[in-house]
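Student: Okay, handing you the structure first.
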Amino acid sequence: METSFEISVTPSTDPVGDARLAEILAAPGFGTHFTDHMYVVEWTPDQGWHDARVTPYAPLSIDPATAVLHYAQEIFEGMKAYRHADGSVWTFRPEANAERMMRSARRLALPELPVGDFVASVDALVRADERWVPDPAGEKSLYLRPFMFASEVFLGVRPAKHVTYMVIASPAGAYFARGPVPVSIWLSEEYTRAGRGGMGAAKTGGNYASSLVAQQEAIEQGCDQVAFLDAAEGKYVEELGGMNLYFVHDDGSIVTPELSGTILEGITRSSIVELCGKLGHQVDERRFSVDEWREGVASGRIAEVFACGTAAVVTPVGTLKWAGGEVTSGNGTDAGPVTQKVRQTLVDIQYGRAEDTFGWMHQVC
Ligand SMILES: *Cc1c(COP(=O)(O)O)cnc(C)c1O
């Protein structure tokens, strides 16, 4: 793949010891341990992208007036590196993450990092920290977090003239210790995630910041996650705080909310559109109202509901709760057959246990 700049590599002189690493990889959790290295590249209008490097992982020293701390000009990505049984290491559709980050960058008035340089940045970090990619047993992986932020020291309001892009990595355990268990969802009728012309289609911290109070409300209501409705009418299902939604009908046809500009285009979501088509399901991307969800589950017309995203891949959804009632799809304790099939097929491709007929996998080392 074409790249536009070189990356220098300075190996850590103090990497985590083998015994400690083995301990971490035995129970990595999520997002708490970080690898020995990080990737950094800077951008200015005059120099463009420059000074790309893989260096020892270390805290940043940030001036209190750094623009991102005030105006949240920031975007990020989330992806994983998977070890296959033969020891090789792969990522899943990294070009799709690169392209999405370019779209997010345009929306947040940040510079675009070319696709080839994005993929090269992730590859460079994974190669430097290859020993941090866990064995595939138990669906462990190395979670990768590319992100870009306004690093100019300036309190004026305009797009920053100094921008930093980085990649950090963190080993991740299986999302579910005992296999996928259905999550319960709180329907947020007070808060919305994104409106017309807003940032809903960009992967940016601000969307997460605005979702936290709704997520808090979900927890108070005894639910695991929050679902958002469209901001204009409060009628149509958009997505969860960080996952897209799928509805499976009793005749096998599947619906997922259309890309309206206010939902995030998940790479898991679009992969499942393709996969389900190939598995023989009719897949519709269209507006889907919360009444259709409630009535469909109540009548049995909707057989399964699931959420999807990189972190958990596919998660069955059990109960939908709102102020005044609740409905539960499936038996509330297991994933339905379509949910299980979709999840297994995707995971098998990611871990190299099934043939990658879509050409989704990218070998890193
Ligand atoms: C990242 C994200 C998703 C899932 O996207 P994937 O590419 O499948 O991981 C869904 N919704 C939001 C709001 C997200 O930020």
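Labels for the structure tokens follow display order: chains A, B, ..., residues from 1 in each chain, ligands from 1.
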Return as an MDAnalysis selection string every polymer residue, whether protein, DNA or RNA, with at least one atom no more than 8 Å from an atom of ligand 1; count only C-alpha atoms and all ligand atoms.

Tutor: chainID A and resid 77:79 97 200:204 207:208 239:244 263:270 308:311 313

Student: Just asking: which residues within stretch 2-154 of chain A are strand (DSSP E or B) according to DSSP, as a ChimeraX atom specification?

Tutor: /A:8-9,37-44,48-56,66,74-76,79-83,89-92,141-150,153

Student: Pick out the residues sitting within 6 Å of A:Tyr165, and hand them over as a PyMOL selection string; count only C-alpha atoms, and ignore anything fewer than 5 positions along from it in its own chain.

Tutor: chain A and resi 40-41+147-148

Student: Would you export the selected residues with N, CA and C atoms as an mmCIF file, in the first residue's frame, please?

Tutor:
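File written: result05.cif
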```cif
data_model
loop_
_atom_site.group_PDB
_atom_site.id
_atom_site.type_symbol
_atom_site.label_atom_id
_atom_site.label_comp_id
_atom_site.auth_asym_id
_atom_site.auth_seq_id
_atom_site.Cartn_x
_atom_site.Cartn_y
_atom_site.Cartn_z
ATOM 1 N N VAL A 40 3.469 8.098 16.890
ATOM 2 C CA VAL A 40 3.142 9.529 16.879
ATOM 3 C C VAL A 40 3.530 10.140 15.535
ATOM 4 N N VAL A 41 2.675 11.003 14.991
ATOM 5 C CA VAL A 41 3.062 11.849 13.857
ATOM 6 C C VAL A 41 2.388 13.207 14.044
ATOM 7 N N PHE A 147 -5.879 7.853 17.243
ATOM 8 C CA PHE A 147 -6.628 9.073 17.573
ATOM 9 C C PHE A 147 -5.862 10.316 17.125
ATOM 10 N N MET A 148 -6.602 11.391 16.933
ATOM 11 C CA MET A 148 -6.023 12.617 16.392
ATOM 12 C C MET A 148 -6.613 13.795 17.167
#
```

Student: To one decimal place in Å, what is the distance between atom CA of A:Ala128 and atom CA of A:Phe30?

Tutor: 20.4 Å

Student: For A:Arg83, find every residue with an atom within 12 Å (counting only C-alpha atoms), except residues of its own chain fewer than 4 positions away, and show them as a count of residues only.

Tutor: 34

Student: Name the residues in contact with A:Val237 at a cut-off of 12 Å, using only C-alpha atoms, excluding same-chain residues fewer than 5 positions from it; report them as an NGL selection string.

Tutor: :A and (187-189 or 192-193 or 226-232 or 244-247 or 255-260 or 262-263 or 286-294 or 320)

Student: Of the candidates A:Ala307, A:Val163, A:Ala214, A:Val181, which shows the shortest atom-to-atom distance to A:Gln47, using only C-alpha atoms?

Tutor: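 For A:Gln47, the nearest of the given residues is A:Val163.
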
Student: At a cut-off of 12 Å, using only C-alpha atoms, what residues contact A:Ala65? Leave out same-chain residues fewer than 4 positions from it and give the result as an NGL selection string.

Tutor: :A and (61 or 69-71 or 150-156)

Student: Write out, as a compact mmCIF listing (two decimals), in the first residue's frame, the residues just selected, with N, CA and C atoms.

Tutor:
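Written output follows (selection-v6.txt):
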```txt
# COMPACT_ATOMS: atom_id res chain seq x y z
N SER A 61 3.31 15.48 27.74
CA SER A 61 3.32 16.70 28.53
C SER A 61 2.50 17.72 27.75
N LEU A 69 -8.21 20.38 24.82
CA LEU A 69 -8.73 20.35 26.19
C LEU A 69 -9.90 21.31 26.36
N HIS A 70 -10.03 22.26 25.44
CA HIS A 70 -11.07 23.29 25.56
C HIS A 70 -12.20 23.10 24.57
N TYR A 71 -11.85 22.76 23.32
CA TYR A 71 -12.89 22.73 22.28
C TYR A 71 -13.11 21.34 21.69
N ALA A 150 -6.29 18.27 18.38
CA ALA A 150 -5.77 19.62 18.22
C ALA A 150 -4.71 19.86 19.29
N SER A 151 -3.44 19.83 18.91
CA SER A 151 -2.37 19.97 19.91
C SER A 151 -1.77 21.37 19.91
N GLU A 152 -2.37 22.28 19.16
CA GLU A 152 -1.88 23.66 19.18
C GLU A 152 -2.20 24.32 20.53
N VAL A 153 -1.26 25.11 21.02
CA VAL A 153 -1.45 25.83 22.27
C VAL A 153 -2.05 27.19 21.91
N PHE A 154 -3.38 27.29 22.02
CA PHE A 154 -4.08 28.47 21.51
C PHE A 154 -5.52 28.41 21.98
N LEU A 155 -6.03 29.50 22.53
CA LEU A 155 -7.41 29.49 23.01
C LEU A 155 -8.41 30.12 22.04
N GLY A 156 -7.93 30.58 20.89
CA GLY A 156 -8.86 31.11 19.90
C GLY A 156 -9.68 29.98 19.31
```

Student: I'd like the interatomic distance between atom CA of A:Ala303 and atom CA of A:Gly332, to a tenth of an Å.

Tutor: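 Computing it gives 11.7 Å between the two atoms.
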
Student: Using only C-alpha atoms, can you tell me which of A:Ser170, A:Gln340, A:Thr66, A:Ser121 comes closest to A:Tyr39?

Tutor: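 The shortest atom-to-atom distance to A:Tyr39 comes from A:Ser121.
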
Student: Could you check how far atom CA of A:Val9 sits from atom CA of A:Trp49, in Å to one decimal?

Tutor: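 These two atoms are separated by 16.5 Å.
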
Student: Could you list, as a PDB file with N, CA, C and O atoms, in the first residue's frame, every residue within 10 Å of A:Gly222, counting only C-alpha atoms and ignoring same-chain residues fewer than 3 positions away?

Tutor:
```pdb
ATOM      1  N   SER A 184     -29.417  -5.666  28.507  1.00  0.00           N
ATOM      2  CA  SER A 184     -30.688  -4.942  28.584  1.00  0.00           C
ATOM      3  C   SER A 184     -30.441  -3.486  28.197  1.00  0.00           C
ATOM      4  O   SER A 184     -29.369  -2.931  28.434  1.00  0.00           O
ATOM      5  N   ILE A 185     -31.466  -2.897  27.578  1.00  0.00           N
ATOM      6  CA  ILE A 185     -31.311  -1.577  26.978  1.00  0.00           C
ATOM      7  C   ILE A 185     -32.336  -0.617  27.566  1.00  0.00           C
ATOM      8  O   ILE A 185     -33.532  -0.928  27.636  1.00  0.00           O
ATOM      9  N   TRP A 186     -31.860   0.543  27.949  1.00  0.00           N
ATOM     10  CA  TRP A 186     -32.738   1.621  28.402  1.00  0.00           C
ATOM     11  C   TRP A 186     -32.973   2.565  27.228  1.00  0.00           C
ATOM     12  O   TRP A 186     -32.027   2.994  26.568  1.00  0.00           O
ATOM     13  N   GLN A 216     -25.610   6.764  32.260  1.00  0.00           N
ATOM     14  CA  GLN A 216     -25.779   6.763  33.712  1.00  0.00           C
ATOM     15  C   GLN A 216     -27.241   6.479  34.080  1.00  0.00           C
ATOM     16  O   GLN A 216     -27.537   5.716  34.999  1.00  0.00           O
ATOM     17  N   GLU A 217     -28.148   7.107  33.336  1.00  0.00           N
ATOM     18  CA  GLU A 217     -29.573   6.896  33.559  1.00  0.00           C
ATOM     19  C   GLU A 217     -29.935   5.423  33.317  1.00  0.00           C
ATOM     20  O   GLU A 217     -30.710   4.832  34.067  1.00  0.00           O
ATOM     21  N   ALA A 218     -29.324   4.844  32.266  1.00  0.00           N
ATOM     22  CA  ALA A 218     -29.576   3.427  31.958  1.00  0.00           C
ATOM     23  C   ALA A 218     -29.176   2.541  33.143  1.00  0.00           C
ATOM     24  O   ALA A 218     -29.929   1.655  33.557  1.00  0.00           O
ATOM     25  N   ILE A 219     -28.004   2.819  33.704  1.00  0.00           N
ATOM     26  CA  ILE A 219     -27.519   2.023  34.846  1.00  0.00           C
ATOM     27  C   ILE A 219     -28.485   2.186  36.033  1.00  0.00           C
ATOM     28  O   ILE A 219     -28.856   1.204  36.683  1.00  0.00           O
ATOM     29  N   GLN A 225     -27.097  -0.817  28.819  1.00  0.00           N
ATOM     30  CA  GLN A 225     -26.743   0.116  27.753  1.00  0.00           C
ATOM     31  C   GLN A 225     -27.921   1.033  27.482  1.00  0.00           C
ATOM     32  O   GLN A 225     -29.055   0.723  27.846  1.00  0.00           O
ATOM     33  N   LYS A 321     -36.254  -1.474  27.853  1.00  0.00           N
ATOM     34  CA  LYS A 321     -37.036  -0.874  28.928  1.00  0.00           C
ATOM     35  C   LYS A 321     -37.193   0.621  28.668  1.00  0.00           C
ATOM     36  O   LYS A 321     -36.269   1.265  28.184  1.00  0.00           O
TER      37      LYS A 321
END
```

Student: Based on DSSP run over this structure's backbone, return all residues of stretch 38-152 of chain A in helix (DSSP H, G or I), as a short mmCIF file (atom, residue, chain, number, x, y, z; two decimals) with all heavy atoms, in the first residue's frame.

Tutor:
```
data_model
loop_
_atom_site.label_atom_id
_atom_site.label_comp_id
_atom_site.auth_asym_id
_atom_site.auth_seq_id
_atom_site.Cartn_x
_atom_site.Cartn_y
_atom_site.Cartn_z
N VAL A 68 -7.38 21.05 22.26
CA VAL A 68 -8.31 19.92 22.43
C VAL A 68 -8.93 19.89 23.82
O VAL A 68 -10.08 19.48 23.98
CB VAL A 68 -7.62 18.56 22.13
CG1 VAL A 68 -6.53 18.23 23.16
CG2 VAL A 68 -8.66 17.44 22.08
N LEU A 69 -8.21 20.38 24.82
CA LEU A 69 -8.73 20.35 26.19
C LEU A 69 -9.90 21.31 26.36
O LEU A 69 -10.69 21.19 27.29
CB LEU A 69 -7.62 20.72 27.19
CG LEU A 69 -6.41 19.79 27.21
CD1 LEU A 69 -5.39 20.30 28.22
CD2 LEU A 69 -6.82 18.36 27.55
N HIS A 70 -10.03 22.26 25.44
CA HIS A 70 -11.07 23.29 25.56
C HIS A 70 -12.20 23.10 24.57
O HIS A 70 -13.36 23.26 24.92
CB HIS A 70 -10.42 24.67 25.41
CG HIS A 70 -9.33 24.87 26.42
ND1 HIS A 70 -9.56 25.34 27.67
CD2 HIS A 70 -8.01 24.54 26.37
CE1 HIS A 70 -8.42 25.34 28.35
NE2 HIS A 70 -7.47 24.85 27.59
N TYR A 71 -11.85 22.76 23.32
CA TYR A 71 -12.89 22.73 22.28
C TYR A 71 -13.11 21.34 21.69
O TYR A 71 -13.86 21.19 20.73
CB TYR A 71 -12.55 23.74 21.18
CG TYR A 71 -12.26 25.11 21.76
CD1 TYR A 71 -11.06 25.75 21.52
CD2 TYR A 71 -13.21 25.73 22.60
CE1 TYR A 71 -10.80 27.00 22.08
CE2 TYR A 71 -12.93 26.97 23.17
CZ TYR A 71 -11.74 27.60 22.91
OH TYR A 71 -11.48 28.82 23.47
N PRO A 94 -8.62 -2.71 7.86
CA PRO A 94 -8.03 -1.46 8.35
C PRO A 94 -8.26 -0.28 7.41
O PRO A 94 -8.33 0.86 7.86
CB PRO A 94 -6.53 -1.80 8.46
CG PRO A 94 -6.32 -2.94 7.51
CD PRO A 94 -7.59 -3.75 7.56
N GLU A 95 -8.42 -0.56 6.10
CA GLU A 95 -8.67 0.56 5.17
C GLU A 95 -10.01 1.20 5.47
O GLU A 95 -10.20 2.40 5.24
CB GLU A 95 -8.67 0.09 3.70
CG GLU A 95 -7.42 -0.67 3.26
CD GLU A 95 -7.49 -2.16 3.58
OE1 GLU A 95 -8.51 -2.62 4.13
OE2 GLU A 95 -6.50 -2.86 3.30
N ALA A 96 -10.96 0.40 5.95
CA ALA A 96 -12.28 0.96 6.28
C ALA A 96 -12.15 1.90 7.48
O ALA A 96 -12.79 2.96 7.52
CB ALA A 96 -13.27 -0.16 6.58
N ASN A 97 -11.32 1.54 8.46
CA ASN A 97 -11.07 2.46 9.59
C ASN A 97 -10.40 3.73 9.09
O ASN A 97 -10.72 4.84 9.54
CB ASN A 97 -10.18 1.80 10.64
CG ASN A 97 -10.88 0.66 11.36
OD1 ASN A 97 -10.77 -0.49 10.94
ND2 ASN A 97 -11.63 0.97 12.40
N ALA A 98 -9.44 3.55 8.17
CA ALA A 98 -8.70 4.71 7.63
C ALA A 98 -9.66 5.67 6.93
O ALA A 98 -9.60 6.89 7.12
CB ALA A 98 -7.62 4.24 6.66
N GLU A 99 -10.56 5.10 6.12
CA GLU A 99 -11.49 5.94 5.37
C GLU A 99 -12.48 6.64 6.31
O GLU A 99 -12.83 7.80 6.12
CB GLU A 99 -12.21 5.11 4.30
CG GLU A 99 -11.30 4.86 3.11
CD GLU A 99 -11.69 3.66 2.28
OE1 GLU A 99 -12.80 3.11 2.50
OE2 GLU A 99 -10.87 3.25 1.44
N ARG A 100 -12.92 5.89 7.33
CA ARG A 100 -13.84 6.50 8.29
C ARG A 100 -13.14 7.64 9.03
O ARG A 100 -13.73 8.69 9.30
CB ARG A 100 -14.37 5.46 9.27
CG ARG A 100 -15.40 6.03 10.23
CD ARG A 100 -16.11 4.96 11.01
NE ARG A 100 -15.22 4.28 11.95
CZ ARG A 100 -15.54 3.18 12.62
NH1 ARG A 100 -16.72 2.62 12.45
NH2 ARG A 100 -14.70 2.64 13.46
N MET A 101 -11.85 7.43 9.37
CA MET A 101 -11.15 8.50 10.08
C MET A 101 -11.00 9.74 9.19
O MET A 101 -11.05 10.87 9.69
CB MET A 101 -9.78 8.03 10.57
CG MET A 101 -9.22 8.98 11.62
SD MET A 101 -7.79 8.37 12.46
CE MET A 101 -8.02 9.06 14.09
N MET A 102 -10.86 9.53 7.89
CA MET A 102 -10.79 10.68 6.98
C MET A 102 -12.13 11.43 6.98
O MET A 102 -12.17 12.67 6.96
CB MET A 102 -10.42 10.24 5.56
CG MET A 102 -8.99 9.75 5.48
SD MET A 102 -8.57 9.05 3.86
CE MET A 102 -8.14 10.53 2.97
N ARG A 103 -13.23 10.68 7.01
CA ARG A 103 -14.55 11.35 7.06
C ARG A 103 -14.73 12.10 8.37
O ARG A 103 -15.22 13.23 8.41
CB ARG A 103 -15.68 10.31 6.89
CG ARG A 103 -15.72 9.65 5.53
CD ARG A 103 -17.05 8.93 5.30
NE ARG A 103 -17.30 7.80 6.19
CZ ARG A 103 -16.87 6.57 6.00
NH1 ARG A 103 -16.13 6.27 4.94
NH2 ARG A 103 -17.16 5.61 6.86
N SER A 104 -14.31 11.45 9.48
CA SER A 104 -14.39 12.13 10.78
C SER A 104 -13.53 13.39 10.77
O SER A 104 -13.94 14.44 11.29
CB SER A 104 -13.91 11.20 11.91
OG SER A 104 -14.71 10.04 12.00
N ALA A 105 -12.34 13.30 10.18
CA ALA A 105 -11.42 14.44 10.14
C ALA A 105 -12.07 15.61 9.40
O ALA A 105 -12.01 16.76 9.85
CB ALA A 105 -10.11 14.04 9.47
N ARG A 106 -12.72 15.32 8.27
CA ARG A 106 -13.37 16.40 7.51
C ARG A 106 -14.43 17.10 8.36
O ARG A 106 -14.53 18.31 8.37
CB ARG A 106 -13.99 15.84 6.22
CG ARG A 106 -12.95 15.55 5.15
CD ARG A 106 -13.58 15.39 3.77
NE ARG A 106 -14.27 14.11 3.62
CZ ARG A 106 -13.69 12.98 3.24
NH1 ARG A 106 -12.38 12.95 2.99
NH2 ARG A 106 -14.38 11.87 3.12
N ARG A 107 -15.21 16.30 9.10
CA ARG A 107 -16.28 16.90 9.89
C ARG A 107 -15.76 17.77 11.03
O ARG A 107 -16.38 18.75 11.43
CB ARG A 107 -17.20 15.78 10.44
CG ARG A 107 -18.37 16.29 11.27
CD ARG A 107 -19.30 17.15 10.43
NE ARG A 107 -20.38 17.75 11.23
CZ ARG A 107 -20.25 18.86 11.94
NH1 ARG A 107 -19.08 19.51 11.98
NH2 ARG A 107 -21.27 19.33 12.62
N VAL A 115 -4.96 6.96 3.62
CA VAL A 115 -5.26 5.57 3.98
C VAL A 115 -3.98 4.75 4.19
O VAL A 115 -3.83 4.05 5.18
CB VAL A 115 -6.15 4.91 2.89
CG1 VAL A 115 -6.28 3.41 3.12
CG2 VAL A 115 -7.53 5.57 2.88
N GLY A 116 -3.04 4.87 3.25
CA GLY A 116 -1.80 4.07 3.34
C GLY A 116 -1.01 4.40 4.60
O GLY A 116 -0.43 3.50 5.23
N ASP A 117 -0.99 5.67 4.98
CA ASP A 117 -0.23 6.06 6.18
C ASP A 117 -0.94 5.63 7.46
O ASP A 117 -0.29 5.30 8.45
CB ASP A 117 0.03 7.57 6.17
CG ASP A 117 0.95 7.96 5.03
OD1 ASP A 117 2.06 7.40 4.96
OD2 ASP A 117 0.54 8.78 4.19
N PHE A 118 -2.27 5.63 7.42
CA PHE A 118 -3.03 5.13 8.58
C PHE A 118 -2.72 3.64 8.78
O PHE A 118 -2.36 3.22 9.88
CB PHE A 118 -4.53 5.33 8.34
CG PHE A 118 -5.41 4.77 9.43
CD1 PHE A 118 -5.89 5.57 10.45
CD2 PHE A 118 -5.75 3.41 9.43
CE1 PHE A 118 -6.70 5.04 11.45
CE2 PHE A 118 -6.56 2.88 10.43
CZ PHE A 118 -7.03 3.71 11.44
N VAL A 119 -2.84 2.87 7.69
CA VAL A 119 -2.59 1.42 7.81
C VAL A 119 -1.14 1.17 8.24
O VAL A 119 -0.87 0.33 9.11
CB VAL A 119 -2.94 0.69 6.48
CG1 VAL A 119 -2.57 -0.78 6.56
CG2 VAL A 119 -4.44 0.86 6.18
N ALA A 120 -0.20 1.96 7.68
CA ALA A 120 1.21 1.78 8.04
C ALA A 120 1.45 2.13 9.51
O ALA A 120 2.30 1.51 10.17
CB ALA A 120 2.09 2.67 7.14
N SER A 121 0.71 3.09 10.04
CA SER A 121 0.90 3.48 11.45
C SER A 121 0.50 2.34 12.37
O SER A 121 1.20 2.02 13.34
CB SER A 121 0.07 4.74 11.77
OG SER A 121 -1.32 4.47 11.84
N VAL A 122 -0.63 1.72 12.05
CA VAL A 122 -1.12 0.61 12.87
C VAL A 122 -0.18 -0.59 12.73
O VAL A 122 0.20 -1.23 13.72
CB VAL A 122 -2.57 0.27 12.46
CG1 VAL A 122 -3.03 -1.02 13.13
CG2 VAL A 122 -3.51 1.43 12.79
N ASP A 123 0.21 -0.87 11.50
CA ASP A 123 1.14 -1.99 11.26
C ASP A 123 2.44 -1.79 12.04
O ASP A 123 2.97 -2.72 12.65
CB ASP A 123 1.46 -2.13 9.77
CG ASP A 123 0.30 -2.68 8.96
OD1 ASP A 123 -0.76 -2.97 9.55
OD2 ASP A 123 0.44 -2.81 7.72
N ALA A 124 2.97 -0.56 12.01
CA ALA A 124 4.26 -0.29 12.66
C ALA A 124 4.17 -0.53 14.16
O ALA A 124 5.07 -1.11 14.77
CB ALA A 124 4.70 1.15 12.38
N LEU A 125 3.06 -0.10 14.77
CA LEU A 125 2.92 -0.29 16.22
C LEU A 125 2.73 -1.78 16.55
O LEU A 125 3.34 -2.29 17.49
CB LEU A 125 1.76 0.54 16.78
CG LEU A 125 1.65 0.43 18.30
CD1 LEU A 125 2.87 1.05 18.99
CD2 LEU A 125 0.38 1.08 18.83
N VAL A 126 1.91 -2.46 15.76
CA VAL A 126 1.66 -3.88 16.04
C VAL A 126 2.97 -4.67 15.87
O VAL A 126 3.27 -5.57 16.67
CB VAL A 126 0.55 -4.44 15.13
CG1 VAL A 126 0.44 -5.96 15.27
CG2 VAL A 126 -0.79 -3.78 15.45
N ARG A 127 3.78 -4.31 14.87
CA ARG A 127 5.06 -5.03 14.69
C ARG A 127 5.99 -4.76 15.88
O ARG A 127 6.65 -5.66 16.37
CB ARG A 127 5.72 -4.61 13.38
CG ARG A 127 5.05 -5.26 12.19
CD ARG A 127 5.69 -4.86 10.85
NE ARG A 127 4.77 -5.24 9.79
CZ ARG A 127 4.41 -4.47 8.77
NH1 ARG A 127 4.92 -3.25 8.65
NH2 ARG A 127 3.56 -4.91 7.88
N ALA A 128 6.03 -3.51 16.36
CA ALA A 128 6.90 -3.19 17.50
C ALA A 128 6.45 -3.92 18.76
O ALA A 128 7.27 -4.28 19.60
CB ALA A 128 6.91 -1.68 17.73
N GLU A 130 4.53 -6.81 18.87
CA GLU A 130 3.95 -8.09 18.44
C GLU A 130 3.76 -9.05 19.61
O GLU A 130 2.78 -9.79 19.69
CB GLU A 130 4.86 -8.71 17.38
CG GLU A 130 4.18 -9.76 16.55
CD GLU A 130 4.79 -11.12 16.72
OE1 GLU A 130 5.98 -11.27 16.39
OE2 GLU A 130 4.08 -12.02 17.21
N ARG A 131 4.70 -9.03 20.56
CA ARG A 131 4.59 -9.98 21.68
C ARG A 131 3.40 -9.68 22.58
O ARG A 131 3.04 -10.48 23.44
CB ARG A 131 5.90 -10.04 22.47
CG ARG A 131 6.24 -8.77 23.19
CD ARG A 131 7.68 -8.74 23.68
NE ARG A 131 7.80 -7.65 24.64
CZ ARG A 131 7.92 -7.81 25.96
NH1 ARG A 131 8.02 -9.00 26.49
NH2 ARG A 131 7.98 -6.76 26.75
N TRP A 132 2.77 -8.51 22.39
CA TRP A 132 1.58 -8.15 23.16
C TRP A 132 0.29 -8.66 22.53
O TRP A 132 -0.79 -8.44 23.09
CB TRP A 132 1.49 -6.63 23.30
CG TRP A 132 2.45 -6.04 24.29
CD1 TRP A 132 3.77 -5.73 24.08
CD2 TRP A 132 2.16 -5.67 25.63
NE1 TRP A 132 4.31 -5.19 25.21
CE2 TRP A 132 3.34 -5.14 26.19
CE3 TRP A 132 1.02 -5.73 26.44
CZ2 TRP A 132 3.42 -4.67 27.50
CZ3 TRP A 132 1.09 -5.26 27.75
CH2 TRP A 132 2.28 -4.75 28.27
N ALA A 137 -6.81 -18.15 21.96
CA ALA A 137 -7.71 -18.87 22.87
C ALA A 137 -8.54 -17.87 23.66
O ALA A 137 -8.02 -16.89 24.18
CB ALA A 137 -6.90 -19.75 23.82
N GLY A 138 -9.84 -18.11 23.75
CA GLY A 138 -10.71 -17.24 24.53
C GLY A 138 -10.98 -15.91 23.84
O GLY A 138 -11.39 -14.95 24.47
N GLU A 139 -10.73 -15.86 22.51
CA GLU A 139 -11.03 -14.65 21.74
C GLU A 139 -10.37 -13.40 22.32
O GLU A 139 -10.99 -12.34 22.42
CB GLU A 139 -12.54 -14.44 21.59
CG GLU A 139 -13.16 -15.43 20.65
CD GLU A 139 -14.66 -15.28 20.51
OE1 GLU A 139 -15.20 -14.24 20.94
OE2 GLU A 139 -15.28 -16.19 19.96
#
```

Student: Go through A:Ala172, A:Ile24, A:Met166, A:Val314 and flag the residue nearest A:Leu346, using only C-alpha atoms for the distances.

Tutor: A:Val314
